[in-house]
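Raw data_5.cif, mmCIF, C-alpha atoms:
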data_my_file
#
loop_
_atom_site.label_atom_id
_atom_site.label_comp_id
_atom_site.auth_asym_id
_atom_site.auth_seq_id
_atom_site.Cartn_x
_atom_site.Cartn_y
_atom_site.Cartn_z
CA MET A 12 72.88 17.63 30.01
CA TYR A 13 72.16 17.65 26.27
CA LYS A 14 70.82 20.88 24.80
CA ILE A 15 68.03 20.57 22.22
CA MET A 16 66.87 23.41 19.97
CA LEU A 17 63.16 22.98 19.23
CA ILE A 18 62.15 24.96 16.13
CA GLU A 19 58.36 24.70 15.91
CA ASP A 20 55.76 27.44 15.32
CA ASP A 21 52.88 25.45 16.83
CA ARG A 22 53.16 26.83 20.35
CA GLU A 23 50.93 24.19 21.93
CA LEU A 24 52.90 21.33 20.41
CA CYS A 25 56.14 23.08 21.25
CA SER A 26 55.13 23.39 24.89
CA LEU A 27 54.12 19.73 25.13
CA VAL A 28 57.33 18.48 23.50
CA LYS A 29 59.47 20.72 25.71
CA GLU A 30 57.72 19.53 28.86
CA TYR A 31 58.10 15.88 27.85
CA LEU A 32 61.80 16.11 26.97
CA GLU A 33 62.63 18.04 30.12
CA LYS A 34 61.27 15.11 32.15
CA TYR A 35 64.18 13.13 30.71
CA LYS A 36 66.73 15.78 31.73
CA TYR A 37 67.16 17.43 28.34
CA MET A 38 67.59 21.19 28.18
CA VAL A 39 65.16 22.53 25.55
CA TYR A 40 65.56 25.94 23.89
CA GLU A 41 62.60 27.42 21.99
CA PRO A 42 63.32 30.29 19.58
CA THR A 43 60.42 32.72 19.32
CA ASP A 44 61.87 35.05 16.69
CA PHE A 45 61.70 32.99 13.50
CA ASN A 46 63.46 35.71 11.52
CA SER A 47 66.76 35.07 13.32
CA ILE A 48 66.86 31.29 13.68
CA LEU A 49 70.40 30.90 12.35
CA GLU A 50 71.77 33.61 14.63
CA GLN A 51 70.14 31.91 17.62
CA PHE A 52 71.48 28.55 16.45
CA GLU A 53 75.04 29.89 16.57
CA GLN A 54 74.48 31.44 19.99
CA VAL A 55 72.84 28.41 21.58
CA GLN A 56 75.20 25.78 20.08
CA PRO A 57 72.66 22.95 20.57
CA ASP A 58 73.58 19.28 20.69
CA LEU A 59 70.52 18.38 18.60
CA VAL A 60 67.91 20.24 16.53
CA LEU A 61 64.23 19.35 16.15
CA LEU A 62 63.13 21.23 13.04
CA ASP A 63 59.70 21.79 11.51
CA ILE A 64 59.43 22.46 7.76
CA ASN A 65 56.54 24.93 7.53
CA LEU A 66 57.86 27.96 9.40
CA PRO A 67 57.55 31.75 9.13
CA TYR A 68 60.20 33.58 7.06
CA PHE A 69 62.43 30.58 6.23
CA ASP A 70 61.27 27.00 5.76
CA GLY A 71 62.91 24.02 7.41
CA PHE A 72 64.66 22.91 4.23
CA TYR A 73 66.53 26.21 3.98
CA LEU A 74 67.41 26.16 7.68
CA CYS A 75 68.54 22.54 7.56
CA ARG A 76 70.93 23.22 4.69
CA ALA A 77 72.27 26.38 6.35
CA MET A 78 72.81 24.63 9.69
CA ARG A 79 74.54 21.70 8.05
CA LYS A 80 77.03 24.07 6.40
CA LYS A 81 77.97 25.39 9.84
CA SER A 82 77.75 22.31 12.05
CA LYS A 83 77.59 18.52 12.29
CA VAL A 84 74.86 18.72 14.93
CA PRO A 85 72.15 16.03 14.57
CA ILE A 86 69.00 17.40 12.89
CA ILE A 87 65.63 15.64 13.12
CA ILE A 88 62.88 16.98 10.86
CA THR A 89 59.39 16.93 12.39
CA SER A 90 56.71 17.68 9.80
CA ALA A 91 53.15 16.95 8.74
CA ARG A 92 54.47 16.43 5.22
CA SER A 93 54.47 12.68 4.73
CA GLY A 94 55.48 12.52 1.07
CA GLU A 95 58.58 10.60 0.05
CA LEU A 96 59.97 13.57 -1.87
CA ASP A 97 59.93 15.73 1.25
CA GLN A 98 61.71 13.06 3.25
CA VAL A 99 64.30 12.49 0.53
CA MET A 100 64.94 16.23 0.20
CA ALA A 101 65.37 16.61 3.96
CA ILE A 102 67.92 13.80 4.14
CA GLU A 103 69.80 15.10 1.10
CA LEU A 104 70.00 18.57 2.66
CA GLY A 105 71.65 17.12 5.75
CA ALA A 106 68.92 15.96 8.12
CA ASP A 107 69.71 12.85 10.15
CA ASP A 108 66.14 11.65 10.59
CA TYR A 109 62.55 12.48 9.64
CA LEU A 110 59.53 12.16 11.91
CA THR A 111 56.05 12.59 10.43
CA LYS A 112 53.33 14.37 12.43
CA PRO A 113 51.33 13.36 14.31
CA PHE A 114 53.88 11.38 16.31
CA THR A 115 53.98 9.88 19.78
CA PHE A 116 56.34 11.31 22.35
CA GLU A 117 57.79 7.84 22.89
CA VAL A 118 58.90 7.61 19.25
CA LEU A 119 60.27 11.15 19.36
CA LEU A 120 62.29 10.35 22.48
CA ALA A 121 63.65 7.16 20.91
CA LYS A 122 64.81 9.07 17.83
CA VAL A 123 66.38 11.80 19.95
CA LYS A 124 68.30 9.25 22.03
CA ALA A 125 69.45 7.37 18.93
CA ALA A 126 70.66 10.55 17.21
CA LEU A 127 72.59 11.63 20.29
CA ARG A 128 74.20 8.19 20.63
CA ARG A 129 75.29 8.28 17.01
CA ALA A 130 76.73 11.76 17.36
CA TYR A 131 78.27 11.69 20.83
CA GLY A 132 77.99 8.22 22.33
CA GLU A 133 78.66 4.57 21.71
CA TYR A 134 77.91 4.68 17.96
CA SER A 135 80.14 7.65 17.13
CA THR A 136 83.23 5.62 16.22
CA ASN A 137 83.38 7.05 12.69
CA ASN A 138 83.95 10.55 14.06
CA THR A 139 87.70 11.09 13.74
CA SER A 140 87.73 14.45 15.53
CA HIS A 141 87.46 13.08 19.05
CA LEU A 142 89.46 11.39 21.78
CA THR A 143 87.97 8.67 23.98
CA VAL A 144 89.02 7.10 27.28
CA GLN A 145 86.55 4.61 28.72
CA GLN A 146 83.19 6.44 28.43
CA LEU A 147 84.81 9.91 28.44
CA THR A 148 84.84 11.55 25.01
CA LEU A 149 86.39 14.88 23.99
CA TYR A 150 85.16 16.51 20.75
CA GLU A 151 87.55 18.72 18.83
CA ASP A 152 85.07 20.39 16.48
CA SER A 153 82.67 21.52 19.22
CA PHE A 154 84.89 21.80 22.36
CA LYS A 155 82.47 19.51 24.20
CA MET A 156 83.12 16.62 26.55
CA THR A 157 80.73 13.78 27.35
CA PHE A 158 80.62 11.04 29.95
CA ASN A 159 77.80 8.50 29.75
CA GLU A 160 74.67 10.64 29.22
CA LYS A 161 76.15 13.92 30.50
CA ILE A 162 77.78 16.71 28.50
CA VAL A 163 79.73 19.90 29.26
CA GLU A 164 81.14 22.67 27.10
CA LEU A 165 84.80 23.69 27.35
CA SER A 166 86.70 26.87 26.66
CA LYS A 167 89.62 26.72 24.24
CA ASN A 168 92.17 26.48 27.05
CA GLU A 169 90.11 23.90 28.93
CA TYR A 170 89.94 21.82 25.76
CA LYS A 171 93.72 22.02 25.27
CA LEU A 172 94.37 20.88 28.83
CA VAL A 173 91.95 17.95 28.73
CA LYS A 174 93.34 16.87 25.35
CA TYR A 175 96.90 16.91 26.67
CA PHE A 176 95.91 14.99 29.79
CA ILE A 177 94.20 12.29 27.71
CA GLU A 178 97.14 12.01 25.31
CA ASN A 179 99.55 11.64 28.25
CA LYS A 180 97.35 9.67 30.61
CA ASP A 181 100.01 7.21 31.75
CA ARG A 182 102.53 9.65 33.22
CA ILE A 183 102.92 12.66 35.48
CA ILE A 184 102.76 15.92 33.54
CA THR A 185 104.78 18.88 34.79
CA ARG A 186 103.28 22.33 35.21
CA GLU A 187 105.83 23.68 32.71
CA GLU A 188 104.53 21.30 30.03
CA LEU A 189 100.96 22.40 30.58
CA ILE A 190 101.88 26.08 30.50
CA GLU A 191 103.64 25.53 27.16
CA GLN A 192 100.48 23.89 25.80
CA LEU A 193 98.40 26.97 26.61
CA TRP A 194 100.71 29.90 25.96
CA ASP A 195 103.41 30.57 23.38
CA ASP A 196 105.50 32.88 25.55
CA ILE A 197 105.68 31.31 29.00
CA ALA A 198 108.01 34.02 30.33
CA PHE A 199 105.05 36.31 30.96
CA VAL A 200 102.62 33.71 32.31
CA ASP A 201 101.66 33.80 35.98
CA ASP A 202 101.84 30.32 37.50
CA ASN A 203 98.51 30.96 39.22
CA THR A 204 96.85 31.24 35.82
CA LEU A 205 97.49 27.54 35.22
CA THR A 206 96.09 26.71 38.66
CA VAL A 207 92.88 28.56 37.78
CA ASN A 208 92.54 26.64 34.51
CA ILE A 209 93.16 23.31 36.25
CA SER A 210 90.47 24.16 38.80
CA ARG A 211 88.04 24.93 36.02
CA ILE A 212 88.47 21.60 34.27
CA LYS A 213 88.21 19.79 37.62
CA ASN A 214 84.84 21.49 38.03
CA LYS A 215 83.84 20.38 34.54
CA PHE A 216 84.67 16.79 35.46
CA LEU A 217 82.58 17.18 38.62
CA GLN A 218 79.65 18.28 36.44
CA LEU A 219 80.05 14.96 34.63
CA GLY A 220 79.99 13.12 37.95
CA ILE A 221 83.74 12.40 38.04
CA LYS A 222 85.77 13.32 41.13
CA GLY A 223 89.53 12.99 41.55
CA LEU A 224 90.34 12.41 37.88
CA ILE A 225 93.19 14.94 37.95
CA GLN A 226 95.56 14.27 40.83
CA THR A 227 98.06 16.87 42.05
CA LYS A 228 101.59 15.57 42.56
CA ARG A 229 103.14 18.09 44.93
CA SER A 230 106.17 19.96 43.54
CA VAL A 231 106.00 17.87 40.36
CA GLY A 232 102.79 18.30 38.38
CA TYR A 233 99.59 16.40 37.68
CA LEU A 234 98.44 12.88 36.85
CA PHE A 235 95.35 12.03 34.82
CA ASN A 236 93.96 9.06 36.77
CA HIS A 237 92.08 7.50 33.84
CA GLN A 238 91.62 4.18 35.67
CA LEU A 239 89.13 6.00 37.89
CA LEU A 240 86.78 6.28 34.90
CA ALA A 241 86.15 2.54 34.90
CA GLU A 242 85.19 2.68 38.58
CA VAL A 243 82.82 5.61 38.05
CA ASP A 244 81.29 3.91 35.00
CA GLY A 245 80.78 0.75 37.00
CA ASP A 246 78.83 2.65 39.63
CA GLU A 247 76.37 4.09 37.09
#
Could you spell out this file's structure in structure tokens?
Amino acid sequence: MYKIMLIEDDRELCSLVKEYLEKYKYMVYEPTDFNSILEQFEQVQPDLVLLDINLPYFDGFYLCRAMRKKSKVPIIITSARSGELDQVMAIELGADDYLTKPFTFEVLLAKVKAALRRAYGEYSTNNTSHLTVQQLTLYEDSFKMTFNEKIVELSKNEYKLVKYFIENKDRIITREELIEQLWDDIAFVDDNTLTVNISRIKNKFLQLGIKGLIQTKRSVGYLFNHQLLAEVDGDE
């Protein structure tokens, strides 16, 4: 489920937009303290930002530039300012799109979907910091993993494991190999710790609707059954 940060001081509009986007299975976060937007941005780690320009304390131009310095997250400006200079400034400061108020929810939804596809989906081929197998994509800069329209966040160790599985998808990987990927000094690592981490990433795959992707080979190790992805994708 994609997480959208909706930064808008018009509470009525904010409520309507949130309600509409949630119908399409987006998770919408609304900051209420406009004096700490950037701190909340770092805490929430949204997949997309909808950003008004006229805001208390800091305007949208300032916030857009500050967010872009920290993240590659898609930013869509939503503003009543319809002048070309405002739109040019927003794009130059790092915004991905600009939507003039008043707008229809249908147009907003289309722009949100397009921005997410460019960033995380089928149009994101220019992003070099990711690995892709079928419709499964792993993002290095954000520790996120997507499959079709679903998304999950990974811990550092979960990311390392998934990355190693993808890079070695055509062979059985021993437990010793995986332990070495996670810890520098394997002499002090409990074997059960790896089992716990494997269970966690299996659960993450289940959240994406994928079951049985990591197969246990008794007394040997694990196999990343990437061919299963094509079957799951075909059932969507």
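Excluding A:Met100 and any residue on its chain fewer than 3 positions from it, the residues at most 12 Å away by only C-alpha atoms are Ile64, Gly71, Phe72, Tyr73, Cys75, Arg76, Ile88, Arg92, Ser93, Gly94, Glu95, Leu96, Asp97, Glu103, Leu104, Gly105, Ala106, Asp107, Asp108 and Tyr109 of chain A.
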Query raised in the report: Skipping near chain neighbours, those fewer than 4 positions away, what residues fall within 8 Å of A:Thr157 using only C-alpha atoms, listed as a PyMOL selection string?
Result: chain A and resi 131-132+146-149+161-163+219
Keeping only C-alpha atoms, write the selected residues to a file as a compact mmCIF listing (two decimals), keeping the file's coordinate frame.
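And here is the file that came out, part37.txt:
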# COMPACT_ATOMS: atom_id res chain seq x y z
CA TYR A 131 78.27 11.69 20.83
CA GLY A 132 77.99 8.22 22.33
CA GLN A 146 83.19 6.44 28.43
CA LEU A 147 84.81 9.91 28.44
CA THR A 148 84.84 11.55 25.01
CA LEU A 149 86.39 14.88 23.99
CA LYS A 161 76.15 13.92 30.50
CA ILE A 162 77.78 16.71 28.50
CA VAL A 163 79.73 19.90 29.26
CA LEU A 219 80.05 14.96 34.63
Query raised in the report: Which is closer to A:Trp194 than all the others in A:Glu53, A:Lys174, A:Asn168, A:Val60, using only C-alpha atoms?
Result: A:Asn168
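In this model, the gap between atom CA of A:Thr143 and atom CA of A:Lys36 comes to 23.7 Å.
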Report task. Would you mind reading off the distance between atom CA of A:Glu242 and atom CA of A:Thr206, one decimal, in Å? Result -> 26.4 Å
As lines of an AutoDock Vina configuration file, what would the box around stretch 94-106 of chain A look like: edges along x, y and z, 3 Å added on every side, centre and edge lengths in Å to one decimal?
center_x = 63.6
center_y = 14.6
center_z = 3.1
size_x = 22.2
size_y = 14.0
size_z = 16.0
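Considering the residues A:Thr89, A:Asn65, A:Asn236, A:Gln51 and counting only C-alpha atoms, A:Arg182 has its shortest atom-to-atom contact with A:Asn236.
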Report task. Fewer than 3 positions away in the same chain doesn't count, so skip those; otherwise give me all residues within 10 Å of A:Phe45, counting all atoms listed in the file, as an MDAnalysis selection string. Result -> chainID A and resid 18:20 42 48:49 51 66:70
Query raised in the report: Can you tell me, as a ChimeraX atom specification, what residues are no more than 12 Å from A:Asn214 when counting only C-alpha atoms, ignoring any on the same chain fewer than 4 positions away?
Result: /A:163-165,169,207-210,218-225
Query - Residues selected by the PyMOL selection byres ((chain A and resi 39) around 8), written as a list in words - result: Lys14, Ile15, Met16, Leu17, Lys29, Leu32, Glu33, Tyr37, Met38, Tyr40 and Glu41 of chain A
Output: stretch 76-93 of chain A of the preceding structure, restricted to N, CA and C atoms, written as an mmCIF file, in the first residue's frame.
data_model
loop_
_atom_site.group_PDB
_atom_site.id
_atom_site.type_symbol
_atom_site.label_atom_id
_atom_site.label_comp_id
_atom_site.auth_asym_id
_atom_site.auth_seq_id
_atom_site.Cartn_x
_atom_site.Cartn_y
_atom_site.Cartn_z
ATOM 1 N N ARG A 76 11.818 22.257 -1.900
ATOM 2 C CA ARG A 76 13.276 22.255 -2.053
ATOM 3 C C ARG A 76 13.945 21.452 -0.941
ATOM 4 N N ALA A 77 13.467 21.627 0.300
ATOM 5 C CA ALA A 77 14.052 20.908 1.429
ATOM 6 C C ALA A 77 13.831 19.402 1.314
ATOM 7 N N MET A 78 12.641 19.004 0.882
ATOM 8 C CA MET A 78 12.352 17.576 0.724
ATOM 9 C C MET A 78 13.193 16.965 -0.386
ATOM 10 N N ARG A 79 13.355 17.725 -1.470
ATOM 11 C CA ARG A 79 14.114 17.195 -2.589
ATOM 12 C C ARG A 79 15.582 16.991 -2.226
ATOM 13 N N LYS A 80 16.101 17.774 -1.307
ATOM 14 C CA LYS A 80 17.481 17.589 -0.866
ATOM 15 C C LYS A 80 17.647 16.288 -0.087
ATOM 16 N N LYS A 81 16.560 15.836 0.543
ATOM 17 C CA LYS A 81 16.618 14.654 1.388
ATOM 18 C C LYS A 81 16.150 13.382 0.690
ATOM 19 N N SER A 82 15.338 13.517 -0.356
ATOM 20 C CA SER A 82 14.660 12.340 -0.900
ATOM 21 C C SER A 82 14.321 12.519 -2.379
ATOM 22 N N LYS A 83 14.136 11.388 -3.061
ATOM 23 C CA LYS A 83 13.694 11.382 -4.452
ATOM 24 C C LYS A 83 12.190 11.135 -4.563
ATOM 25 N N VAL A 84 11.488 11.213 -3.444
ATOM 26 C CA VAL A 84 10.055 10.930 -3.425
ATOM 27 C C VAL A 84 9.304 11.836 -4.403
ATOM 28 N N PRO A 85 8.331 11.320 -5.148
ATOM 29 C CA PRO A 85 7.538 12.165 -6.049
ATOM 30 C C PRO A 85 6.788 13.247 -5.271
ATOM 31 N N ILE A 86 6.830 14.476 -5.781
ATOM 32 C CA ILE A 86 6.140 15.607 -5.160
ATOM 33 C C ILE A 86 5.203 16.236 -6.189
ATOM 34 N N ILE A 87 3.923 16.309 -5.853
ATOM 35 C CA ILE A 87 2.938 16.975 -6.706
ATOM 36 C C ILE A 87 2.450 18.223 -5.983
ATOM 37 N N ILE A 88 2.654 19.378 -6.602
ATOM 38 C CA ILE A 88 2.178 20.638 -6.038
ATOM 39 C C ILE A 88 0.693 20.794 -6.356
ATOM 40 N N THR A 89 -0.102 21.138 -5.349
ATOM 41 C CA THR A 89 -1.523 21.445 -5.559
ATOM 42 C C THR A 89 -1.755 22.861 -5.054
ATOM 43 N N SER A 90 -2.076 23.782 -5.956
ATOM 44 C CA SER A 90 -2.149 25.187 -5.549
ATOM 45 C C SER A 90 -3.169 25.958 -6.376
ATOM 46 N N ALA A 91 -3.715 27.010 -5.757
ATOM 47 C CA ALA A 91 -4.620 27.910 -6.476
ATOM 48 C C ALA A 91 -3.845 28.873 -7.363
ATOM 49 N N ARG A 92 -2.543 28.915 -7.193
ATOM 50 C CA ARG A 92 -1.716 29.784 -8.037
ATOM 51 C C ARG A 92 -1.606 29.166 -9.429
ATOM 52 N N SER A 93 -2.110 29.867 -10.408
ATOM 53 C CA SER A 93 -2.142 29.318 -11.765
ATOM 54 C C SER A 93 -1.123 29.959 -12.695
#
